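Asker: My structure file entry.pdb, PDB, C-alpha atoms, is below:
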MODEL        1
ATOM      1  CA  MET A   4     118.725 106.595 124.359
ATOM      2  CA  THR A   5     120.341 105.283 121.183
ATOM      3  CA  GLN A   6     123.863 104.251 120.270
ATOM      4  CA  GLU A   7     125.375 104.427 116.795
ATOM      5  CA  ILE A   8     126.988 101.129 115.815
ATOM      6  CA  ASN A   9     129.812 101.109 113.235
ATOM      7  CA  LEU A  10     131.484  97.754 112.687
ATOM      8  CA  LYS A  11     133.843  96.582 109.964
ATOM      9  CA  SER A  12     135.650  93.310 109.339
ATOM     10  CA  GLU A  13     136.803  90.953 106.599
ATOM     11  CA  ILE A  14     135.613  87.432 105.769
ATOM     12  CA  SER A  15     138.276  84.834 106.460
ATOM     13  CA  ALA A  16     138.984  81.722 104.399
ATOM     14  CA  SER A  17     137.265  79.525 107.003
ATOM     15  CA  GLN A  18     134.081  81.602 106.722
ATOM     16  CA  THR A  19     133.761  81.261 102.952
ATOM     17  CA  GLY A  20     130.368  79.782 102.041
ATOM     18  CA  LEU A  21     128.656  80.778 105.276
ATOM     19  CA  ARG A  22     125.346  82.597 105.231
ATOM     20  CA  LEU A  23     125.661  86.335 105.779
ATOM     21  CA  ASP A  24     123.881  86.216 109.147
ATOM     22  CA  GLN A  25     126.142  83.386 110.334
ATOM     23  CA  ALA A  26     129.291  85.178 109.209
ATOM     24  CA  VAL A  27     128.287  88.483 110.820
ATOM     25  CA  ALA A  28     127.494  86.652 114.054
ATOM     26  CA  GLU A  29     131.004  85.151 114.036
ATOM     27  CA  LEU A  30     132.671  88.445 113.184
ATOM     28  CA  PHE A  31     130.819  90.403 115.865
ATOM     29  CA  PRO A  32     129.972  87.943 118.679
ATOM     30  CA  ASP A  33     128.882  90.704 121.084
ATOM     31  CA  TYR A  34     125.542  90.915 119.281
ATOM     32  CA  SER A  35     122.765  88.320 119.180
ATOM     33  CA  ARG A  36     121.764  86.454 116.022
ATOM     34  CA  THR A  37     118.294  87.973 116.297
ATOM     35  CA  ARG A  38     119.675  91.508 116.355
ATOM     36  CA  ILE A  39     122.061  90.774 113.491
ATOM     37  CA  LYS A  40     119.223  89.417 111.376
ATOM     38  CA  GLU A  41     117.188  92.552 112.101
ATOM     39  CA  TRP A  42     120.128  94.697 110.997
ATOM     40  CA  ILE A  43     120.464  92.759 107.744
ATOM     41  CA  LEU A  44     116.735  92.988 106.992
ATOM     42  CA  SER A  45     116.728  96.729 107.715
ATOM     43  CA  ASP A  46     119.498  97.508 105.175
ATOM     44  CA  SER A  47     122.141  98.153 107.827
ATOM     45  CA  VAL A  48     124.714  95.629 106.566
ATOM     46  CA  SER A  49     126.837  95.982 103.435
ATOM     47  CA  VAL A  50     129.198  93.617 101.653
ATOM     48  CA  ASP A  51     131.986  95.348  99.719
ATOM     49  CA  ASP A  52     130.054  98.637  99.995
ATOM     50  CA  VAL A  53     126.831  97.118  98.616
ATOM     51  CA  VAL A  54     123.849  96.834 100.962
ATOM     52  CA  VAL A  55     122.689  93.222 101.283
ATOM     53  CA  ASN A  56     119.367  92.538 103.039
ATOM     54  CA  ARG A  57     119.215  88.767 102.491
ATOM     55  CA  PRO A  58     120.398  86.825 105.571
ATOM     56  CA  ARG A  59     120.935  83.669 103.478
ATOM     57  CA  GLU A  60     123.326  85.331 101.018
ATOM     58  CA  LYS A  61     126.612  83.381 100.913
ATOM     59  CA  VAL A  62     129.864  85.197 101.662
ATOM     60  CA  LEU A  63     133.349  84.787 100.197
ATOM     61  CA  GLU A  64     136.883  85.180 101.508
ATOM     62  CA  SER A  65     138.213  88.776 101.636
ATOM     63  CA  GLN A  66     134.794  90.380 101.336
ATOM     64  CA  VAL A  67     134.479  93.395 103.654
ATOM     65  CA  ILE A  68     131.468  93.369 105.936
ATOM     66  CA  GLU A  69     130.287  96.676 107.355
ATOM     67  CA  VAL A  70     127.473  97.327 109.835
ATOM     68  CA  LYS A  71     126.029 100.807 110.305
ATOM     69  CA  ALA A  72     123.080 100.634 112.665
ATOM     70  CA  THR A  73     121.378 102.307 115.577
ATOM     71  CA  LEU A  74     121.196 100.329 118.798
ATOM     72  CA  GLU A  75     118.246 101.279 120.944
ATOM     73  CA  GLU A  76     118.572 100.907 124.678
ATOM     74  CA  GLU A  77     116.697  97.818 125.825
ATOM     75  CA  VAL A  78     113.729  98.688 127.971
ATOM     76  CA  LYS A  79     112.631  96.157 130.554
ATOM     77  CA  ALA A  80     108.863  96.336 130.550
ATOM     78  CA  GLU A  81     106.633  95.165 133.377
ATOM     79  CA  ALA A  82     103.413  93.234 132.840
ATOM     80  CA  GLN A  83     100.366  95.449 133.347
ATOM     81  CA  LEU A  84      96.642  94.758 133.157
ATOM     82  CA  ILE A  85      95.504  96.990 130.288
ATOM     83  CA  ASP A  86      92.380  96.329 128.247
ATOM     84  CA  LEU A  87      93.072  95.075 124.737
ATOM     85  CA  ASP A  88      90.624  94.701 121.864
ATOM     86  CA  ILE A  89      91.781  91.313 120.570
ATOM     87  CA  VAL A  90      90.368  90.577 117.125
ATOM     88  CA  TYR A  91      92.060  87.169 116.694
ATOM     89  CA  GLU A  92      94.413  84.933 118.640
ATOM     90  CA  ASP A  93      95.931  81.465 118.287
ATOM     91  CA  ASP A  94      99.142  79.784 119.472
ATOM     92  CA  ASP A  95     101.323  81.874 117.166
ATOM     93  CA  ILE A  96      99.835  85.341 116.648
ATOM     94  CA  ILE A  97      97.568  87.977 118.169
ATOM     95  CA  VAL A  98      95.731  90.569 116.080
ATOM     96  CA  ILE A  99      94.790  93.693 118.027
ATOM     97  CA  ASN A 100      92.561  96.660 117.253
ATOM     98  CA  LYS A 101      94.639  99.351 118.973
ATOM     99  CA  GLN A 102      92.847 102.240 120.628
ATOM    100  CA  ALA A 103      93.889 105.883 120.360
ATOM    101  CA  GLY A 104      96.310 107.035 123.045
ATOM    102  CA  LEU A 105      98.018 103.659 123.497
ATOM    103  CA  VAL A 106     101.788 103.824 122.950
ATOM    104  CA  VAL A 107     103.171 100.645 121.373
ATOM    105  CA  HIS A 108     106.269 100.185 123.541
ATOM    106  CA  PRO A 109     108.048 101.933 126.432
ATOM    107  CA  GLY A 110     110.382 104.812 125.712
ATOM    108  CA  ALA A 111     111.200 108.329 126.751
ATOM    109  CA  GLY A 112     108.187 109.773 128.530
ATOM    110  CA  ASN A 113     106.256 106.479 128.303
ATOM    111  CA  HIS A 114     107.821 104.033 130.736
ATOM    112  CA  ASP A 115     104.654 101.990 131.244
ATOM    113  CA  GLY A 116     101.024 101.805 130.222
ATOM    114  CA  THR A 117     102.013 100.648 126.722
ATOM    115  CA  LEU A 118     100.910  97.864 124.414
ATOM    116  CA  MET A 119     104.070  95.959 125.337
ATOM    117  CA  ASN A 120     103.126  96.103 129.032
ATOM    118  CA  ALA A 121      99.655  94.839 128.154
ATOM    119  CA  LEU A 122     100.996  91.974 126.026
ATOM    120  CA  LEU A 123     103.303  90.791 128.814
ATOM    121  CA  HIS A 124     100.289  90.550 131.128
ATOM    122  CA  HIS A 125      98.012  88.909 128.568
ATOM    123  CA  CYS A 126     100.627  86.374 127.409
ATOM    124  CA  PRO A 127     103.547  86.075 129.893
ATOM    125  CA  SER A 128     105.538  83.722 127.627
ATOM    126  CA  ILE A 129     105.852  86.527 125.077
ATOM    127  CA  GLU A 130     108.695  87.987 127.184
ATOM    128  CA  HIS A 131     110.965  85.452 125.450
ATOM    129  CA  VAL A 132     110.208  87.000 122.040
ATOM    130  CA  PRO A 133     112.185  90.137 121.063
ATOM    131  CA  ARG A 134     110.133  93.325 121.645
ATOM    132  CA  ALA A 135     107.348  91.155 123.080
ATOM    133  CA  GLY A 136     106.465  90.000 119.585
ATOM    134  CA  ILE A 137     105.786  93.445 118.146
ATOM    135  CA  VAL A 138     106.740  93.403 114.455
ATOM    136  CA  HIS A 139     105.271  96.725 113.265
ATOM    137  CA  ARG A 140     103.989  99.863 114.950
ATOM    138  CA  LEU A 141     101.148 102.320 114.925
ATOM    139  CA  ASP A 142     101.621 105.851 116.213
ATOM    140  CA  LYS A 143     100.208 106.602 119.667
ATOM    141  CA  ASP A 144      97.034 108.232 118.354
ATOM    142  CA  THR A 145      96.559 106.092 115.254
ATOM    143  CA  THR A 146      93.936 103.395 115.759
ATOM    144  CA  GLY A 147      93.440 100.014 114.167
ATOM    145  CA  LEU A 148      94.914  96.633 113.380
ATOM    146  CA  MET A 149      98.314  95.300 114.437
ATOM    147  CA  VAL A 150      99.667  91.757 114.352
ATOM    148  CA  VAL A 151     101.897  90.501 117.185
ATOM    149  CA  ALA A 152     103.952  87.285 117.195
ATOM    150  CA  LYS A 153     103.737  84.976 120.215
ATOM    151  CA  THR A 154     106.841  82.958 119.289
ATOM    152  CA  VAL A 155     110.277  83.751 117.889
ATOM    153  CA  GLU A 156     109.584  81.550 114.861
ATOM    154  CA  ALA A 157     106.339  83.359 114.073
ATOM    155  CA  GLN A 158     108.061  86.719 114.523
ATOM    156  CA  THR A 159     110.873  85.757 112.145
ATOM    157  CA  HIS A 160     108.361  84.797 109.448
ATOM    158  CA  LEU A 161     106.292  87.963 109.944
ATOM    159  CA  VAL A 162     109.342  90.249 109.801
ATOM    160  CA  ALA A 163     110.439  88.553 106.572
ATOM    161  CA  ALA A 164     106.919  88.928 105.130
ATOM    162  CA  LEU A 165     106.921  92.632 105.976
ATOM    163  CA  GLN A 166     110.300  93.093 104.317
ATOM    164  CA  ALA A 167     109.023  91.245 101.230
ATOM    165  CA  ARG A 168     105.874  93.444 101.179
ATOM    166  CA  GLU A 169     103.680  90.368 101.556
ATOM    167  CA  ILE A 170     101.520  91.864 104.316
ATOM    168  CA  THR A 171      98.723  94.192 103.214
ATOM    169  CA  ARG A 172      97.974  97.141 105.504
ATOM    170  CA  GLU A 173      95.116  99.378 104.472
ATOM    171  CA  TYR A 174      94.206 102.596 106.252
ATOM    172  CA  GLU A 175      91.339 105.065 106.312
ATOM    173  CA  ALA A 176      92.117 108.756 106.754
ATOM    174  CA  ILE A 177      90.522 112.174 106.473
ATOM    175  CA  ALA A 178      92.716 114.800 104.825
ATOM    176  CA  MET A 179      92.524 118.549 104.386
ATOM    177  CA  GLY A 180      91.578 119.753 100.914
ATOM    178  CA  THR A 181      89.474 118.267  98.140
ATOM    179  CA  MET A 182      91.423 115.714  96.132
ATOM    180  CA  THR A 183      90.415 115.010  92.551
ATOM    181  CA  GLY A 184      91.580 111.403  92.404
ATOM    182  CA  GLY A 185      93.845 108.719  93.768
ATOM    183  CA  GLY A 186      97.517 108.254  93.186
ATOM    184  CA  MET A 187     100.835 107.194  94.658
ATOM    185  CA  VAL A 188     103.471 109.001  96.677
ATOM    186  CA  ASP A 189     106.955 107.587  96.074
ATOM    187  CA  ALA A 190     109.253 109.726  98.199
ATOM    188  CA  PRO A 191     112.038 108.701 100.634
ATOM    189  CA  ILE A 192     111.500 109.445 104.318
ATOM    190  CA  GLY A 193     114.159 110.207 106.912
ATOM    191  CA  ARG A 194     114.656 112.099 110.138
ATOM    192  CA  HIS A 195     113.870 115.806 109.832
ATOM    193  CA  PRO A 196     117.168 117.742 109.580
ATOM    194  CA  THR A 197     116.331 120.162 112.421
ATOM    195  CA  LYS A 198     113.237 118.793 114.219
ATOM    196  CA  ARG A 199     114.497 115.522 115.643
ATOM    197  CA  THR A 200     111.050 114.247 116.679
ATOM    198  CA  HIS A 201     109.734 114.775 113.151
ATOM    199  CA  MET A 202     110.179 112.785 109.970
ATOM    200  CA  ALA A 203     110.366 114.368 106.514
ATOM    201  CA  VAL A 204     110.649 113.594 102.831
ATOM    202  CA  HIS A 205     114.396 113.678 102.356
ATOM    203  CA  HIS A 206     116.687 112.583  99.512
ATOM    204  CA  ALA A 207     118.866 110.662 101.984
ATOM    205  CA  GLY A 208     115.892 108.892 103.579
ATOM    206  CA  LYS A 209     114.724 105.311 103.126
ATOM    207  CA  PRO A 210     112.449 104.433 100.185
ATOM    208  CA  ALA A 211     108.751 104.842 101.000
ATOM    209  CA  VAL A 212     105.681 104.260  98.831
ATOM    210  CA  THR A 213     102.069 105.071  99.744
ATOM    211  CA  HIS A 214      99.099 104.347  97.476
ATOM    212  CA  TYR A 215      95.872 106.263  98.033
ATOM    213  CA  ARG A 216      92.391 106.482  96.544
ATOM    214  CA  VAL A 217      89.486 108.809  97.162
ATOM    215  CA  ALA A 218      86.682 107.188  99.148
ATOM    216  CA  GLU A 219      84.511 110.276  99.605
ATOM    217  CA  LYS A 220      84.793 113.962  98.712
ATOM    218  CA  PHE A 221      83.611 116.769 100.972
ATOM    219  CA  ARG A 222      83.544 120.518 100.469
ATOM    220  CA  ALA A 223      87.048 121.097 101.764
ATOM    221  CA  HIS A 224      88.207 117.635 102.907
ATOM    222  CA  THR A 225      88.652 114.138 101.489
ATOM    223  CA  ARG A 226      88.158 110.696 102.998
ATOM    224  CA  LEU A 227      90.897 108.373 101.770
ATOM    225  CA  ARG A 228      91.824 104.717 101.646
ATOM    226  CA  LEU A 229      95.577 104.174 101.701
ATOM    227  CA  ARG A 230      97.875 101.189 101.322
ATOM    228  CA  LEU A 231     101.512 100.998 102.387
ATOM    229  CA  GLU A 232     104.270  99.290 100.462
ATOM    230  CA  SER A 233     106.876 100.280 103.046
ATOM    231  CA  GLY A 234     106.491 101.032 106.731
ATOM    232  CA  ARG A 235     108.453 104.142 107.657
ATOM    233  CA  THR A 236     107.802 106.118 110.822
ATOM    234  CA  HIS A 237     104.843 108.520 110.326
ATOM    235  CA  GLN A 238     104.784 107.492 106.648
ATOM    236  CA  ILE A 239     101.168 108.328 105.749
ATOM    237  CA  ARG A 240     101.222 111.553 107.751
ATOM    238  CA  VAL A 241     104.470 112.704 106.136
ATOM    239  CA  HIS A 242     103.468 111.718 102.605
ATOM    240  CA  MET A 243     100.058 113.395 102.817
ATOM    241  CA  ALA A 244     101.628 116.576 104.192
ATOM    242  CA  HIS A 245     104.216 116.398 101.405
ATOM    243  CA  ILE A 246     101.511 116.548  98.712
ATOM    244  CA  GLY A 247      99.639 119.323 100.528
ATOM    245  CA  HIS A 248      96.895 117.281 102.176
ATOM    246  CA  ILE A 249      97.639 117.211 105.904
ATOM    247  CA  LEU A 250      95.544 114.776 107.927
ATOM    248  CA  VAL A 251      92.812 116.374 110.010
ATOM    249  CA  GLY A 252      93.922 116.775 113.628
ATOM    250  CA  ASP A 253      97.584 115.897 113.032
ATOM    251  CA  PRO A 254      99.379 117.564 115.969
ATOM    252  CA  VAL A 255     102.853 117.199 114.441
ATOM    253  CA  TYR A 256     102.546 117.830 110.706
ATOM    254  CA  GLY A 257      99.396 119.959 110.735
ATOM    255  CA  GLY A 258      98.539 123.378 112.053
ATOM    256  CA  ARG A 259      95.561 125.265 113.368
ATOM    257  CA  PRO A 260      92.365 123.985 111.716
ATOM    258  CA  LYS A 261      91.082 126.327 109.051
ATOM    259  CA  PRO A 262      87.319 126.010 108.602
ATOM    260  CA  PRO A 263      86.024 126.371 105.051
ATOM    261  CA  LYS A 264      84.227 129.572 104.080
ATOM    262  CA  ALA A 265      80.858 130.122 105.814
ATOM    263  CA  ALA A 266      81.241 127.000 107.968
ATOM    264  CA  SER A 267      78.855 126.761 110.875
ATOM    265  CA  PRO A 268      80.208 127.294 114.399
ATOM    266  CA  GLU A 269      79.224 123.691 115.217
ATOM    267  CA  PHE A 270      81.256 122.339 112.321
ATOM    268  CA  PHE A 271      84.253 124.469 113.262
ATOM    269  CA  GLU A 272      84.069 123.155 116.828
ATOM    270  CA  GLU A 273      83.989 119.586 115.495
ATOM    271  CA  LEU A 274      87.144 120.213 113.487
ATOM    272  CA  ARG A 275      88.911 122.046 116.299
ATOM    273  CA  GLY A 276      87.926 119.366 118.797
ATOM    274  CA  PHE A 277      89.480 116.528 116.794
ATOM    275  CA  LYS A 278      92.753 116.265 118.702
ATOM    276  CA  ARG A 279      94.482 113.351 116.956
ATOM    277  CA  GLN A 280      95.431 112.508 113.382
ATOM    278  CA  ALA A 281      92.364 111.112 111.601
ATOM    279  CA  LEU A 282      94.034 107.823 110.705
ATOM    280  CA  HIS A 283      92.840 104.246 111.261
ATOM    281  CA  ALA A 284      94.368 100.901 110.197
ATOM    282  CA  VAL A 285      91.178  99.396 108.816
ATOM    283  CA  ARG A 286      92.320  96.207 107.083
ATOM    284  CA  LEU A 287      95.121  93.691 107.574
ATOM    285  CA  GLU A 288      95.845  90.710 105.339
ATOM    286  CA  LEU A 289      98.681  88.216 105.669
ATOM    287  CA  ALA A 290      99.662  84.605 105.250
ATOM    288  CA  HIS A 291      99.694  82.962 108.681
ATOM    289  CA  PRO A 292     103.380  82.608 109.631
ATOM    290  CA  MET A 293     103.037  78.907 110.469
ATOM    291  CA  THR A 294     100.117  77.521 108.429
ATOM    292  CA  CYS A 295     100.512  79.854 105.403
ATOM    293  CA  GLU A 296      96.726  80.316 105.334
ATOM    294  CA  VAL A 297      95.810  83.749 103.958
ATOM    295  CA  MET A 298      93.856  85.613 106.641
ATOM    296  CA  THR A 299      92.090  88.992 106.552
ATOM    297  CA  TRP A 300      90.748  91.188 109.343
ATOM    298  CA  HIS A 301      88.760  94.424 109.351
ATOM    299  CA  ALA A 302      88.473  96.944 112.189
ATOM    300  CA  PRO A 303      85.387  99.204 112.300
ATOM    301  CA  ILE A 304      85.974 102.936 111.941
ATOM    302  CA  PRO A 305      86.297 104.423 115.470
ATOM    303  CA  ASP A 306      83.499 106.585 116.837
ATOM    304  CA  ASP A 307      85.416 109.870 116.661
ATOM    305  CA  MET A 308      86.127 109.441 112.947
ATOM    306  CA  VAL A 309      82.511 108.381 112.296
ATOM    307  CA  LYS A 310      81.313 111.546 114.057
ATOM    308  CA  LEU A 311      83.742 113.713 112.095
ATOM    309  CA  THR A 312      82.635 112.143 108.806
ATOM    310  CA  LYS A 313      78.975 112.893 109.598
ATOM    311  CA  ALA A 314      79.876 116.521 110.310
ATOM    312  CA  LEU A 315      81.771 116.757 107.006
ATOM    313  CA  ARG A 316      78.788 115.334 105.114
ATOM    314  CA  GLN A 317      76.461 117.825 106.777
ATOM    315  CA  ASP A 318      78.771 120.720 105.907
ATOM    316  CA  THR A 319      78.883 119.530 102.289
ATOM    317  CA  LEU A 320      75.075 119.319 102.166
ATOM    318  CA  GLU A 321      74.843 122.891 103.424
ATOM    319  CA  HIS A 322      77.489 124.080 100.965
ATOM    320  CA  PRO A 323      77.404 121.862  97.864
ATOM    321  CA  ILE A 324      80.682 121.296  96.028
ATOM    322  CA  GLU A 325      80.958 123.381  92.887
ATOM    323  CA  TYR A 326      82.510 121.540  89.952
TER
ENDMDL
END
Spell out the structure here as structure tokens.
Answerer:
Amino acid sequence: MTQEINLKSEISASQTGLRLDQAVAELFPDYSRTRIKEWILSDSVSVDDVVVNRPREKVLESQVIEVKATLEEEVKAEAQLIDLDIVYEDDDIIVINKQAGLVVHPGAGNHDGTLMNALLHHCPSIEHVPRAGIVHRLDKDTTGLMVVAKTVEAQTHLVAALQAREITREYEAIAMGTMTGGGMVDAPIGRHPTKRTHMAVHHAGKPAVTHYRVAEKFRAHTRLRLRLESGRTHQIRVHMAHIGHILVGDPVYGGRPKPPKAASPEFFEELRGFKRQALHAVRLELAHPMTCEVMTWHAPIPDDMVKLTKALRQDTLEHPIEY
């Protein structure tokens, strides 16, 4: 359940010179400093009708502060023993290779059995960090690398790094259609106007940029490497569908698999049997939030995508691409 928040107030003389996050916290004391900072960083706070996403921005007397945000109902998660593939861990962060089918945090229809439940069991002290340290998400059936903060300080630094586009997230995907070359999709993404569980390219959406390059061409499919500048919900899936290259197996933005002409029954079964979006977060690079050391991790391509790729190569061998 969500609640729309609409707040408006004016900076007083005594608040002149305060940081924006401090002033907003004084104006609206019902909300925590952590939540207020999140709102500022997510473009939900404006000063004199201009969005300001810098918490340290100084405010002046008579400026009008407005908050337009969505408040999600807090979900109290229980610690649960759930296997995690931990790629790296220290006192400040955990890097996880998430498996397909694992929901990141509890919500409607997923009250437990999530990554958040697993983190609370693995590291009980993480309950004191907002959202159990989760700073970015992967869809339920998307696999690959995620970084989680173990302390509030580490989380604050990671959130700021994400907002500043200082964290590199690279993905591997298999898309429908043969693409001739790489490119960039720069198209805003927002909630679909009629399908509320879907996202869509929409003029009123938030800015979203996806870079992609061709890693391998098949007869009727393409293996891609993609890099995000922004991190909108379903971003890669929406952007690829927008340019006419739906991800193989995407249950939301795709449709019934259409085998290429003269495909073997075995190949068609392989396509039809791939029940999730063929998307994997393969590489993660960031500056450690406390030491500033630049660190990089790679997650091997999951078995189901490896198997699908082999089937695509075999189909291409049997039916060479005509240029």
Asker: Residues picked by the PyMOL selection byres ((chain A and resi 293) around 9) here, as a list of chain:residue names?
Answerer: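 Taken on the displayed file, the PyMOL selection byres ((chain A and resi 293) around 9) yields the residues A:Asp95, A:Glu156, A:Ala157, A:His160, A:Ala290, A:His291, A:Pro292, A:Thr294, A:Cys295, A:Glu296.
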Asker: Point out the residue among A:Pro32, A:Pro133, A:Pro196, A:Gly234 with the least atom-to-atom distance to Thr171 (chain A), counting only C-alpha atoms.
Answerer: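 For Thr171 (chain A), the nearest of the given residues is A:Gly234.
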Asker: For a quick check of understanding, using only C-alpha atoms, which of A:Ala72, A:Asp318, A:Ala164, A:Thr145 has the smallest distance to Pro254 (chain A)?
Answerer: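 Once distances to Pro254 (chain A) are computed over only C-alpha atoms, the minimum belongs to A:Thr145.
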Asker: Give me the box for region 26-32 of chain A as JSON, namely the centre and edge lengths in Å to one decimal of a box along x, y and z that holds every listed atom plus 5 Å on each side.
Answerer:
{"center_x": 130.1, "center_y": 87.8, "center_z": 113.9, "size_x": 15.2, "size_y": 15.3, "size_z": 19.5}
Asker: Select, from A:Leu44, A:Val151, A:Ile304, A:Leu118, the residue with the minimum atom-to-atom distance to Ile97 (chain A), counting all atoms listed in the file.
Answerer: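 Of the candidates, the smallest distance to Ile97 (chain A) is held by A:Val151.
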